[in-house]
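Heads up, data14.txt below (compact mmCIF, N, CA and C atoms):
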# COMPACT_ATOMS: atom_id res chain seq x y z
N GLN X 270 0.84 -1.18 0.00
CA GLN X 270 0.00 0.00 0.00
C GLN X 270 0.89 1.25 0.00
N VAL X 271 0.67 2.10 -0.97
CA VAL X 271 1.47 3.32 -1.08
C VAL X 271 0.94 4.37 -0.10
N GLN X 272 1.86 4.99 0.60
CA GLN X 272 1.49 6.07 1.52
C GLN X 272 2.43 7.24 1.34
N LEU X 273 1.87 8.44 1.36
CA LEU X 273 2.65 9.67 1.40
C LEU X 273 2.28 10.37 2.69
N VAL X 274 3.26 10.64 3.52
CA VAL X 274 2.99 11.22 4.83
C VAL X 274 3.73 12.55 4.96
N GLU X 275 2.95 13.62 5.06
CA GLU X 275 3.53 14.95 5.20
C GLU X 275 3.80 15.28 6.66
N SER X 276 4.76 16.14 6.88
CA SER X 276 5.05 16.65 8.21
C SER X 276 5.67 18.04 8.08
N GLY X 277 5.64 18.79 9.18
CA GLY X 277 6.31 20.07 9.22
C GLY X 277 5.41 21.29 9.18
N GLY X 278 4.12 21.09 9.05
CA GLY X 278 3.22 22.25 9.03
C GLY X 278 3.15 22.91 10.39
N GLY X 279 2.51 24.08 10.43
CA GLY X 279 2.37 24.78 11.69
C GLY X 279 1.90 26.20 11.51
N LEU X 280 1.96 26.94 12.61
CA LEU X 280 1.55 28.35 12.63
C LEU X 280 2.79 29.21 12.72
N VAL X 281 2.94 30.13 11.76
CA VAL X 281 4.10 31.01 11.75
C VAL X 281 3.64 32.44 11.42
N GLN X 282 4.52 33.39 11.68
CA GLN X 282 4.22 34.78 11.34
C GLN X 282 4.64 35.09 9.91
N ALA X 283 4.01 36.08 9.34
CA ALA X 283 4.39 36.52 8.00
C ALA X 283 5.87 36.87 7.96
N GLY X 284 6.52 36.48 6.89
CA GLY X 284 7.94 36.72 6.74
C GLY X 284 8.83 35.59 7.22
N SER X 285 8.20 34.62 7.91
CA SER X 285 8.96 33.50 8.46
C SER X 285 9.20 32.42 7.40
N SER X 286 9.94 31.41 7.84
CA SER X 286 10.23 30.25 6.98
C SER X 286 9.68 28.99 7.62
N LEU X 287 9.40 28.01 6.79
CA LEU X 287 8.88 26.73 7.26
C LEU X 287 9.26 25.67 6.24
N SER X 288 9.55 24.48 6.73
CA SER X 288 9.94 23.40 5.83
C SER X 288 8.98 22.23 5.98
N LEU X 289 8.50 21.72 4.87
CA LEU X 289 7.62 20.56 4.85
C LEU X 289 8.39 19.35 4.31
N SER X 290 8.03 18.18 4.82
CA SER X 290 8.59 16.93 4.32
C SER X 290 7.47 15.99 3.94
N CYS X 291 7.75 15.12 2.99
CA CYS X 291 6.78 14.10 2.59
C CYS X 291 7.54 12.80 2.37
N ALA X 292 7.30 11.85 3.26
CA ALA X 292 7.96 10.56 3.17
C ALA X 292 7.04 9.55 2.50
N ALA X 293 7.55 8.89 1.48
CA ALA X 293 6.77 7.90 0.74
C ALA X 293 7.14 6.49 1.18
N SER X 294 6.17 5.62 1.18
CA SER X 294 6.41 4.21 1.50
C SER X 294 5.51 3.35 0.63
N GLY X 295 5.88 2.10 0.49
CA GLY X 295 5.09 1.18 -0.30
C GLY X 295 5.46 1.15 -1.77
N ARG X 296 6.24 2.09 -2.18
CA ARG X 296 6.67 2.17 -3.58
C ARG X 296 7.83 3.14 -3.66
N THR X 297 8.77 2.85 -4.54
CA THR X 297 9.90 3.76 -4.74
C THR X 297 9.54 4.78 -5.81
N PHE X 298 9.80 6.06 -5.49
CA PHE X 298 9.49 7.13 -6.43
C PHE X 298 10.75 7.75 -7.02
N SER X 299 11.81 7.00 -7.10
CA SER X 299 13.09 7.54 -7.57
C SER X 299 13.05 7.96 -9.03
N THR X 300 12.12 7.45 -9.80
CA THR X 300 12.02 7.85 -11.21
C THR X 300 10.73 8.60 -11.50
N ASP X 301 9.99 8.93 -10.48
CA ASP X 301 8.69 9.56 -10.64
C ASP X 301 8.67 10.99 -10.11
N ALA X 302 7.87 11.82 -10.74
CA ALA X 302 7.72 13.18 -10.28
C ALA X 302 6.96 13.23 -8.96
N MET X 303 7.37 14.14 -8.11
CA MET X 303 6.67 14.39 -6.85
C MET X 303 6.47 15.89 -6.72
N GLY X 304 5.48 16.27 -5.93
CA GLY X 304 5.20 17.69 -5.84
C GLY X 304 4.31 18.05 -4.67
N TRP X 305 3.96 19.33 -4.65
CA TRP X 305 3.13 19.88 -3.59
C TRP X 305 1.98 20.69 -4.18
N PHE X 306 0.84 20.52 -3.58
CA PHE X 306 -0.34 21.31 -3.90
C PHE X 306 -0.85 21.91 -2.59
N ARG X 307 -1.75 22.87 -2.69
CA ARG X 307 -2.36 23.42 -1.48
C ARG X 307 -3.82 23.78 -1.73
N GLN X 308 -4.56 23.80 -0.65
CA GLN X 308 -5.97 24.12 -0.74
C GLN X 308 -6.37 24.99 0.44
N ALA X 309 -6.80 26.20 0.14
CA ALA X 309 -7.28 27.12 1.15
C ALA X 309 -8.79 26.93 1.32
N PRO X 310 -9.34 27.33 2.46
CA PRO X 310 -10.78 27.16 2.69
C PRO X 310 -11.61 27.84 1.60
N GLY X 311 -12.54 27.09 1.04
CA GLY X 311 -13.42 27.63 0.03
C GLY X 311 -12.81 27.75 -1.35
N LYS X 312 -11.59 27.27 -1.51
CA LYS X 312 -10.92 27.36 -2.81
C LYS X 312 -10.57 25.99 -3.33
N GLU X 313 -10.29 25.91 -4.62
CA GLU X 313 -9.88 24.65 -5.22
C GLU X 313 -8.42 24.36 -4.89
N ARG X 314 -8.10 23.09 -4.95
CA ARG X 314 -6.70 22.69 -4.75
C ARG X 314 -5.87 23.24 -5.90
N GLU X 315 -4.71 23.80 -5.57
CA GLU X 315 -3.87 24.42 -6.60
C GLU X 315 -2.44 23.92 -6.53
N PHE X 316 -1.80 23.94 -7.66
CA PHE X 316 -0.41 23.51 -7.78
C PHE X 316 0.52 24.49 -7.08
N VAL X 317 1.55 23.96 -6.43
CA VAL X 317 2.57 24.78 -5.78
C VAL X 317 3.94 24.56 -6.42
N ALA X 318 4.40 23.32 -6.43
CA ALA X 318 5.73 23.01 -6.96
C ALA X 318 5.83 21.54 -7.28
N ALA X 319 6.71 21.20 -8.23
CA ALA X 319 6.93 19.80 -8.58
C ALA X 319 8.39 19.61 -8.97
N ILE X 320 8.85 18.37 -8.83
CA ILE X 320 10.22 18.04 -9.16
C ILE X 320 10.23 16.74 -9.93
N SER X 321 11.12 16.62 -10.89
CA SER X 321 11.19 15.44 -11.73
C SER X 321 11.74 14.24 -10.96
N GLY X 322 11.61 13.08 -11.55
CA GLY X 322 12.04 11.86 -10.89
C GLY X 322 13.49 11.89 -10.42
N ASN X 323 14.37 12.36 -11.27
CA ASN X 323 15.79 12.39 -10.90
C ASN X 323 16.19 13.68 -10.19
N GLY X 324 15.22 14.57 -9.98
CA GLY X 324 15.50 15.81 -9.27
C GLY X 324 16.13 16.90 -10.12
N GLY X 325 16.30 16.65 -11.40
CA GLY X 325 16.99 17.60 -12.24
C GLY X 325 16.14 18.73 -12.77
N SER X 326 14.84 18.62 -12.66
CA SER X 326 13.94 19.64 -13.18
C SER X 326 12.90 19.99 -12.13
N THR X 327 12.66 21.29 -11.96
CA THR X 327 11.64 21.75 -11.02
C THR X 327 10.75 22.77 -11.72
N THR X 328 9.55 22.91 -11.20
CA THR X 328 8.62 23.91 -11.71
C THR X 328 7.79 24.44 -10.55
N TYR X 329 7.45 25.72 -10.61
CA TYR X 329 6.76 26.37 -9.51
C TYR X 329 5.58 27.19 -10.01
N ALA X 330 4.60 27.34 -9.14
CA ALA X 330 3.53 28.29 -9.41
C ALA X 330 4.11 29.69 -9.32
N ASP X 331 3.60 30.61 -10.11
CA ASP X 331 4.11 31.98 -10.11
C ASP X 331 4.03 32.61 -8.72
N SER X 332 3.00 32.24 -7.97
CA SER X 332 2.77 32.85 -6.66
C SER X 332 3.84 32.49 -5.63
N VAL X 333 4.60 31.45 -5.87
CA VAL X 333 5.61 31.02 -4.89
C VAL X 333 7.02 31.06 -5.45
N LYS X 334 7.16 31.37 -6.71
CA LYS X 334 8.47 31.37 -7.36
C LYS X 334 9.39 32.36 -6.66
N GLY X 335 10.59 31.91 -6.35
CA GLY X 335 11.54 32.76 -5.67
C GLY X 335 11.45 32.71 -4.16
N ARG X 336 10.36 32.14 -3.64
CA ARG X 336 10.19 32.04 -2.18
C ARG X 336 10.21 30.59 -1.71
N PHE X 337 9.74 29.66 -2.53
CA PHE X 337 9.68 28.26 -2.17
C PHE X 337 10.72 27.48 -2.98
N THR X 338 11.25 26.43 -2.36
CA THR X 338 12.20 25.55 -3.04
C THR X 338 11.81 24.10 -2.79
N ILE X 339 11.66 23.34 -3.86
CA ILE X 339 11.34 21.92 -3.74
C ILE X 339 12.61 21.11 -3.98
N SER X 340 12.77 20.05 -3.23
CA SER X 340 13.92 19.17 -3.41
C SER X 340 13.48 17.73 -3.13
N LYS X 341 14.34 16.81 -3.52
CA LYS X 341 13.97 15.38 -3.44
C LYS X 341 15.20 14.57 -3.05
N ASP X 342 15.01 13.66 -2.13
CA ASP X 342 16.07 12.75 -1.73
C ASP X 342 15.60 11.34 -2.09
N ASN X 343 16.06 10.83 -3.21
CA ASN X 343 15.58 9.53 -3.66
C ASN X 343 16.04 8.39 -2.74
N ALA X 344 17.16 8.57 -2.09
CA ALA X 344 17.63 7.54 -1.17
C ALA X 344 16.67 7.39 0.01
N LYS X 345 16.03 8.49 0.39
CA LYS X 345 15.08 8.47 1.50
C LYS X 345 13.64 8.41 1.02
N ASN X 346 13.44 8.42 -0.30
CA ASN X 346 12.08 8.39 -0.86
C ASN X 346 11.25 9.55 -0.29
N THR X 347 11.86 10.70 -0.22
CA THR X 347 11.24 11.86 0.44
C THR X 347 11.38 13.11 -0.43
N VAL X 348 10.32 13.93 -0.39
CA VAL X 348 10.34 15.21 -1.08
C VAL X 348 10.15 16.31 -0.03
N TYR X 349 10.78 17.44 -0.26
CA TYR X 349 10.75 18.54 0.69
C TYR X 349 10.24 19.81 0.02
N LEU X 350 9.70 20.70 0.85
CA LEU X 350 9.32 22.02 0.37
C LEU X 350 9.80 23.03 1.40
N GLN X 351 10.80 23.80 1.02
CA GLN X 351 11.32 24.86 1.87
C GLN X 351 10.60 26.14 1.50
N MET X 352 9.90 26.72 2.48
CA MET X 352 9.11 27.92 2.23
C MET X 352 9.70 29.08 3.02
N SER X 353 9.93 30.20 2.35
CA SER X 353 10.45 31.38 3.01
C SER X 353 9.60 32.59 2.64
N SER X 354 9.82 33.67 3.37
CA SER X 354 9.05 34.91 3.14
C SER X 354 7.57 34.61 3.05
N LEU X 355 7.09 33.83 4.00
CA LEU X 355 5.70 33.39 3.96
C LEU X 355 4.74 34.56 4.12
N LYS X 356 3.61 34.46 3.43
CA LYS X 356 2.58 35.49 3.44
C LYS X 356 1.27 34.90 3.96
N PRO X 357 0.40 35.71 4.49
CA PRO X 357 -0.89 35.19 4.95
C PRO X 357 -1.64 34.42 3.86
N GLU X 358 -1.47 34.84 2.62
CA GLU X 358 -2.16 34.13 1.53
C GLU X 358 -1.57 32.76 1.23
N ASP X 359 -0.48 32.40 1.88
CA ASP X 359 0.07 31.04 1.76
C ASP X 359 -0.65 30.07 2.69
N THR X 360 -1.51 30.59 3.54
CA THR X 360 -2.26 29.75 4.48
C THR X 360 -3.13 28.75 3.72
N ALA X 361 -2.95 27.48 4.02
CA ALA X 361 -3.69 26.42 3.33
C ALA X 361 -3.30 25.07 3.92
N VAL X 362 -4.02 24.05 3.52
CA VAL X 362 -3.58 22.68 3.76
C VAL X 362 -2.68 22.30 2.58
N TYR X 363 -1.49 21.85 2.89
CA TYR X 363 -0.51 21.50 1.86
C TYR X 363 -0.50 19.98 1.69
N TYR X 364 -0.63 19.55 0.44
CA TYR X 364 -0.68 18.13 0.11
C TYR X 364 0.52 17.73 -0.73
N CYS X 365 1.09 16.63 -0.37
CA CYS X 365 2.14 15.99 -1.17
C CYS X 365 1.48 15.12 -2.22
N ALA X 366 2.08 15.05 -3.40
CA ALA X 366 1.52 14.23 -4.47
C ALA X 366 2.65 13.59 -5.27
N ALA X 367 2.31 12.50 -5.93
CA ALA X 367 3.27 11.81 -6.79
C ALA X 367 2.56 11.29 -8.02
N ALA X 368 3.29 11.23 -9.10
CA ALA X 368 2.73 10.75 -10.36
C ALA X 368 3.62 9.65 -10.92
N MET X 369 3.05 8.70 -11.58
CA MET X 369 3.82 7.62 -12.21
C MET X 369 4.31 8.09 -13.56
N PHE X 370 5.07 9.19 -13.52
CA PHE X 370 5.63 9.82 -14.70
C PHE X 370 6.81 10.65 -14.22
N SER X 371 7.84 10.75 -15.03
CA SER X 371 9.08 11.35 -14.54
C SER X 371 9.15 12.87 -14.63
N GLY X 372 8.41 13.46 -15.55
CA GLY X 372 8.55 14.89 -15.79
C GLY X 372 7.89 15.77 -14.76
N SER X 373 8.57 16.83 -14.36
CA SER X 373 8.03 17.71 -13.33
C SER X 373 6.80 18.45 -13.82
N TYR X 374 6.80 18.90 -15.07
CA TYR X 374 5.69 19.70 -15.57
C TYR X 374 4.40 18.88 -15.64
N TYR X 375 4.52 17.59 -15.73
CA TYR X 375 3.35 16.70 -15.77
C TYR X 375 2.54 16.84 -14.50
N LEU X 376 3.22 17.11 -13.39
CA LEU X 376 2.54 17.14 -12.10
C LEU X 376 2.02 18.56 -11.77
N ARG X 377 1.91 19.44 -12.72
CA ARG X 377 1.32 20.74 -12.49
C ARG X 377 -0.21 20.65 -12.42
N ARG X 378 -0.74 19.59 -12.93
CA ARG X 378 -2.19 19.40 -12.95
C ARG X 378 -2.63 18.49 -11.82
N VAL X 379 -3.64 18.90 -11.08
CA VAL X 379 -4.18 18.09 -9.99
C VAL X 379 -4.59 16.71 -10.50
N SER X 380 -5.19 16.67 -11.66
CA SER X 380 -5.72 15.41 -12.20
C SER X 380 -4.63 14.43 -12.60
N ASN X 381 -3.39 14.89 -12.71
CA ASN X 381 -2.30 13.99 -13.10
C ASN X 381 -1.64 13.30 -11.92
N ALA X 382 -2.00 13.66 -10.71
CA ALA X 382 -1.42 13.00 -9.54
C ALA X 382 -2.04 11.62 -9.35
N ASP X 383 -1.21 10.65 -9.07
CA ASP X 383 -1.68 9.29 -8.84
C ASP X 383 -1.77 8.96 -7.36
N TYR X 384 -1.00 9.66 -6.56
CA TYR X 384 -1.00 9.41 -5.12
C TYR X 384 -1.03 10.75 -4.38
N TRP X 385 -1.72 10.74 -3.23
CA TRP X 385 -1.84 11.94 -2.41
C TRP X 385 -1.54 11.63 -0.95
N GLY X 386 -0.96 12.61 -0.27
CA GLY X 386 -0.84 12.53 1.17
C GLY X 386 -2.10 13.04 1.82
N GLN X 387 -2.12 13.02 3.14
CA GLN X 387 -3.32 13.40 3.87
C GLN X 387 -3.38 14.91 4.12
N GLY X 388 -2.28 15.59 3.91
CA GLY X 388 -2.24 17.04 4.06
C GLY X 388 -1.71 17.49 5.40
N THR X 389 -1.10 18.67 5.40
CA THR X 389 -0.62 19.28 6.64
C THR X 389 -0.96 20.76 6.59
N GLN X 390 -1.44 21.29 7.71
CA GLN X 390 -1.90 22.68 7.76
C GLN X 390 -0.73 23.64 7.92
N VAL X 391 -0.74 24.66 7.10
CA VAL X 391 0.21 25.77 7.23
C VAL X 391 -0.62 27.04 7.42
N THR X 392 -0.39 27.72 8.52
CA THR X 392 -1.10 28.96 8.81
C THR X 392 -0.10 30.08 9.00
N VAL X 393 -0.27 31.15 8.24
CA VAL X 393 0.63 32.29 8.32
C VAL X 393 -0.17 33.49 8.84
N SER X 394 0.23 33.97 9.99
CA SER X 394 -0.47 35.11 10.59
C SER X 394 0.18 36.43 10.17
N SER X 395 -0.63 37.46 10.09
CA SER X 395 -0.12 38.77 9.65
C SER X 395 0.39 39.58 10.80

This entry written out as structure tokens:
Amino acid sequence: QVQLVESGGGLVQAGSSLSLSCAASGRTFSTDAMGWFRQAPGKEREFVAAISGNGGSTTYADSVKGRFTISKDNAKNTVYLQMSSLKPEDTAVYYCAAAMFSGSYYLRRVSNADYWGQGTQVTVSS
């Protein structure tokens, strides 16, 4: 059974940094794209960042470009999201996702994710 388990969410002040982790089990994702999405109350789930299977390619939503960094440790089967200069509008439940496809851009679409984590809350106060 494949599981993606996120950790690292919390409550922080605007301008702070926070790091999320997503550990995968039940399947190796060393050749598959992994990424992060988020969903704020009353809004649709939206793409945040994705990384290719080998970690060589990344893609970001315009709203987080330059502030968030995605990385992947294939030896640990884990993907990370380093968030800095956080804004109140970054407040959302953050979901880890994986696709049975290697390209990072493939995982920009919610419908292309094959696996999802349970989500972790990130709250940024002003």

Quick one: residues within 7 Å of Tyr374 in chain X, only N, CA and C atoms counted, chain neighbours fewer than 6 positions away excluded, as a ChimeraX atom specification? /X:319-321,326-328

Do a neighbour search on Gly284 in chain X at 8 Å with only C-alpha atoms, toss out local chain neighbours closer than 3 positions, and write the hits as number ranges by chain. X: 353-356

Could the residues in this selection be written to a file with N, CA and C atoms, as an mmCIF file, in the coordinates of the input?
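Output contents, as saved in again.cif:
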data_model
loop_
_atom_site.group_PDB
_atom_site.id
_atom_site.type_symbol
_atom_site.label_atom_id
_atom_site.label_comp_id
_atom_site.auth_asym_id
_atom_site.auth_seq_id
_atom_site.Cartn_x
_atom_site.Cartn_y
_atom_site.Cartn_z
ATOM 1 N N SER X 353 9.930 30.200 2.350
ATOM 2 C CA SER X 353 10.450 31.380 3.010
ATOM 3 C C SER X 353 9.600 32.590 2.640
ATOM 4 N N SER X 354 9.820 33.670 3.370
ATOM 5 C CA SER X 354 9.050 34.910 3.140
ATOM 6 C C SER X 354 7.570 34.610 3.050
ATOM 7 N N LEU X 355 7.090 33.830 4.000
ATOM 8 C CA LEU X 355 5.700 33.390 3.960
ATOM 9 C C LEU X 355 4.740 34.560 4.120
ATOM 10 N N LYS X 356 3.610 34.460 3.430
ATOM 11 C CA LYS X 356 2.580 35.490 3.440
ATOM 12 C C LYS X 356 1.270 34.900 3.960
#

Quick one, how far is CA of Val281 in chain X from atom C of Trp385 in chain X? 23.8 Å

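For Val393 in chain X, the list of residues within 5 Å, based on all atoms listed in the file and with local chain neighbours fewer than 4 positions off taken out, reads Val281, Ala283, Pro357 and Thr360 of chain X.
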
Measure the distance from CA of Ala293 in chain X to CA of Lys341 in chain X in Å and round it to one decimal.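 These atoms are spaced 11.2 Å apart.
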
Based on the backbone DSSP call, show me all residues of range 287-383 of chain X assigned helix (DSSP H, G or I), as a ChimeraX atom specification. /X:357-359,374-377,379-381

Around the point (6.8, 20.4, -3.9), in the coordinates given by the file, pick out the residues reaching within 7 Å, counting all atoms listed in the file, and return them as a PyMOL selection string. chain X and resi 303-306+317-320+338-340+348-350+365

Need to verify the contact set: Met352 in chain X, 7 Å, only N, CA and C atoms, exclusion of same-chain residues closer than 5 positions in sequence. Can you return it as number ranges by chain? X: 285-289, 336-338

Could those selected residues go to a file with N, CA and C atoms, as a CSV table (one decimal), keeping the file's coordinate frame?
chain,number,residue,atom,x,y,z
X,285,SER,N,8.2,34.6,7.9
X,285,SER,CA,9.0,33.5,8.5
X,285,SER,C,9.2,32.4,7.4
X,286,SER,N,9.9,31.4,7.8
X,286,SER,CA,10.2,30.2,7.0
X,286,SER,C,9.7,29.0,7.6
X,287,LEU,N,9.4,28.0,6.8
X,287,LEU,CA,8.9,26.7,7.3
X,287,LEU,C,9.3,25.7,6.2
X,288,SER,N,9.6,24.5,6.7
X,288,SER,CA,9.9,23.4,5.8
X,288,SER,C,9.0,22.2,6.0
X,289,LEU,N,8.5,21.7,4.9
X,289,LEU,CA,7.6,20.6,4.8
X,289,LEU,C,8.4,19.4,4.3
X,336,ARG,N,10.4,32.1,-3.6
X,336,ARG,CA,10.2,32.0,-2.2
X,336,ARG,C,10.2,30.6,-1.7
X,337,PHE,N,9.7,29.7,-2.5
X,337,PHE,CA,9.7,28.3,-2.2
X,337,PHE,C,10.7,27.5,-3.0
X,338,THR,N,11.2,26.4,-2.4
X,338,THR,CA,12.2,25.6,-3.0
X,338,THR,C,11.8,24.1,-2.8

Calculated over only C-alpha atoms, which of the candidates X:Ser290, X:Gln308, X:Ser373, X:Thr347 has the smallest distance to Gly322 in chain X?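 Using only C-alpha atoms, Gly322 in chain X sits closest to X:Ser373.
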
Residue among X:Ser294, X:Asn381, X:Thr392, X:Asn346 lying closest to Leu273 in chain X, counting only C-alpha atoms: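 Among X:Ser294, X:Asn381, X:Thr392, X:Asn346, it is X:Ser294 that comes nearest to Leu273 in chain X.
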
By how many Å are CA of Gln272 in chain X and atom C of Arg378 in chain X apart? 18.7 Å

Using 5 Å of padding on each side, determine the axis-aligned box around all atoms of range 338-345 of chain X present in the file and give its centre and edge lengths in Å to one decimal, as lines of an AutoDock Vina configuration file.
center_x = 14.4
center_y = 16.9
center_z = -1.2
size_x = 16.4
size_y = 29.0
size_z = 15.5

From the list X:Gly279, X:Val274, X:Gly335, X:Tyr363, the nearest residue to Cys291 in chain X using only N, CA and C atoms is X:Val274

Looking at X:Ser276, X:Ser299, X:Ser332, X:Gln387, which one is nearest to Glu358 in chain X, with distances taken over only C-alpha atoms?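 Checking each of X:Ser276, X:Ser299, X:Ser332, X:Gln387 against Glu358 in chain X, counting only C-alpha atoms, the winner is X:Ser332.
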
Got a sec to tell me which of chain X DSSP assigns to strand (DSSP E or B), as a ChimeraX atom specification? /X:272-276,279-282,287-294,303-308,315-320,327-329,337-342,347-352,361-367,384-385,389-394

Kindly complete range 333-348 of chain X to N, CA, C and O atoms; the output should be written as a PDB file, in the coordinates of the input.
ATOM      1  N   VAL X 333       4.600  31.450  -5.870  1.00  0.00           N
ATOM      2  CA  VAL X 333       5.610  31.020  -4.890  1.00  0.00           C
ATOM      3  C   VAL X 333       7.020  31.060  -5.450  1.00  0.00           C
ATOM      4  O   VAL X 333       7.987  30.822  -4.711  1.00  0.00           O
ATOM      5  N   LYS X 334       7.160  31.370  -6.710  1.00  0.00           N
ATOM      6  CA  LYS X 334       8.470  31.370  -7.360  1.00  0.00           C
ATOM      7  C   LYS X 334       9.390  32.360  -6.660  1.00  0.00           C
ATOM      8  O   LYS X 334       9.017  33.496  -6.408  1.00  0.00           O
ATOM      9  N   GLY X 335      10.590  31.910  -6.350  1.00  0.00           N
ATOM     10  CA  GLY X 335      11.540  32.760  -5.670  1.00  0.00           C
ATOM     11  C   GLY X 335      11.450  32.710  -4.160  1.00  0.00           C
ATOM     12  O   GLY X 335      12.341  33.178  -3.460  1.00  0.00           O
ATOM     13  N   ARG X 336      10.360  32.140  -3.640  1.00  0.00           N
ATOM     14  CA  ARG X 336      10.190  32.040  -2.180  1.00  0.00           C
ATOM     15  C   ARG X 336      10.210  30.590  -1.710  1.00  0.00           C
ATOM     16  O   ARG X 336      10.641  30.299  -0.587  1.00  0.00           O
ATOM     17  N   PHE X 337       9.740  29.660  -2.530  1.00  0.00           N
ATOM     18  CA  PHE X 337       9.680  28.260  -2.170  1.00  0.00           C
ATOM     19  C   PHE X 337      10.720  27.480  -2.980  1.00  0.00           C
ATOM     20  O   PHE X 337      10.992  27.800  -4.138  1.00  0.00           O
ATOM     21  N   THR X 338      11.250  26.430  -2.360  1.00  0.00           N
ATOM     22  CA  THR X 338      12.200  25.550  -3.040  1.00  0.00           C
ATOM     23  C   THR X 338      11.810  24.100  -2.790  1.00  0.00           C
ATOM     24  O   THR X 338      11.664  23.684  -1.637  1.00  0.00           O
ATOM     25  N   ILE X 339      11.660  23.340  -3.860  1.00  0.00           N
ATOM     26  CA  ILE X 339      11.340  21.920  -3.740  1.00  0.00           C
ATOM     27  C   ILE X 339      12.610  21.110  -3.980  1.00  0.00           C
ATOM     28  O   ILE X 339      13.451  21.473  -4.810  1.00  0.00           O
ATOM     29  N   SER X 340      12.770  20.050  -3.230  1.00  0.00           N
ATOM     30  CA  SER X 340      13.920  19.170  -3.410  1.00  0.00           C
ATOM     31  C   SER X 340      13.480  17.730  -3.130  1.00  0.00           C
ATOM     32  O   SER X 340      12.403  17.489  -2.570  1.00  0.00           O
ATOM     33  N   LYS X 341      14.340  16.810  -3.520  1.00  0.00           N
ATOM     34  CA  LYS X 341      13.970  15.380  -3.440  1.00  0.00           C
ATOM     35  C   LYS X 341      15.200  14.570  -3.050  1.00  0.00           C
ATOM     36  O   LYS X 341      16.289  14.815  -3.561  1.00  0.00           O
ATOM     37  N   ASP X 342      15.010  13.660  -2.130  1.00  0.00           N
ATOM     38  CA  ASP X 342      16.070  12.750  -1.730  1.00  0.00           C
ATOM     39  C   ASP X 342      15.600  11.340  -2.090  1.00  0.00           C
ATOM     40  O   ASP X 342      14.805  10.747  -1.354  1.00  0.00           O
ATOM     41  N   ASN X 343      16.060  10.830  -3.210  1.00  0.00           N
ATOM     42  CA  ASN X 343      15.580   9.530  -3.660  1.00  0.00           C
ATOM     43  C   ASN X 343      16.040   8.390  -2.740  1.00  0.00           C
ATOM     44  O   ASN X 343      15.367   7.367  -2.648  1.00  0.00           O
ATOM     45  N   ALA X 344      17.160   8.570  -2.090  1.00  0.00           N
ATOM     46  CA  ALA X 344      17.630   7.540  -1.170  1.00  0.00           C
ATOM     47  C   ALA X 344      16.670   7.390   0.010  1.00  0.00           C
ATOM     48  O   ALA X 344      16.529   6.293   0.572  1.00  0.00           O
ATOM     49  N   LYS X 345      16.030   8.490   0.390  1.00  0.00           N
ATOM     50  CA  LYS X 345      15.080   8.470   1.500  1.00  0.00           C
ATOM     51  C   LYS X 345      13.640   8.410   1.020  1.00  0.00           C
ATOM     52  O   LYS X 345      12.712   8.393   1.842  1.00  0.00           O
ATOM     53  N   ASN X 346      13.440   8.420  -0.300  1.00  0.00           N
ATOM     54  CA  ASN X 346      12.080   8.390  -0.860  1.00  0.00           C
ATOM     55  C   ASN X 346      11.250   9.550  -0.290  1.00  0.00           C
ATOM     56  O   ASN X 346      10.080   9.358   0.082  1.00  0.00           O
ATOM     57  N   THR X 347      11.860  10.700  -0.220  1.00  0.00           N
ATOM     58  CA  THR X 347      11.240  11.860   0.440  1.00  0.00           C
ATOM     59  C   THR X 347      11.380  13.110  -0.430  1.00  0.00           C
ATOM     60  O   THR X 347      12.397  13.311  -1.072  1.00  0.00           O
ATOM     61  N   VAL X 348      10.320  13.930  -0.390  1.00  0.00           N
ATOM     62  CA  VAL X 348      10.340  15.210  -1.080  1.00  0.00           C
ATOM     63  C   VAL X 348      10.150  16.310  -0.030  1.00  0.00           C
ATOM     64  O   VAL X 348       9.444  16.103   0.966  1.00  0.00           O
TER      65      VAL X 348
END
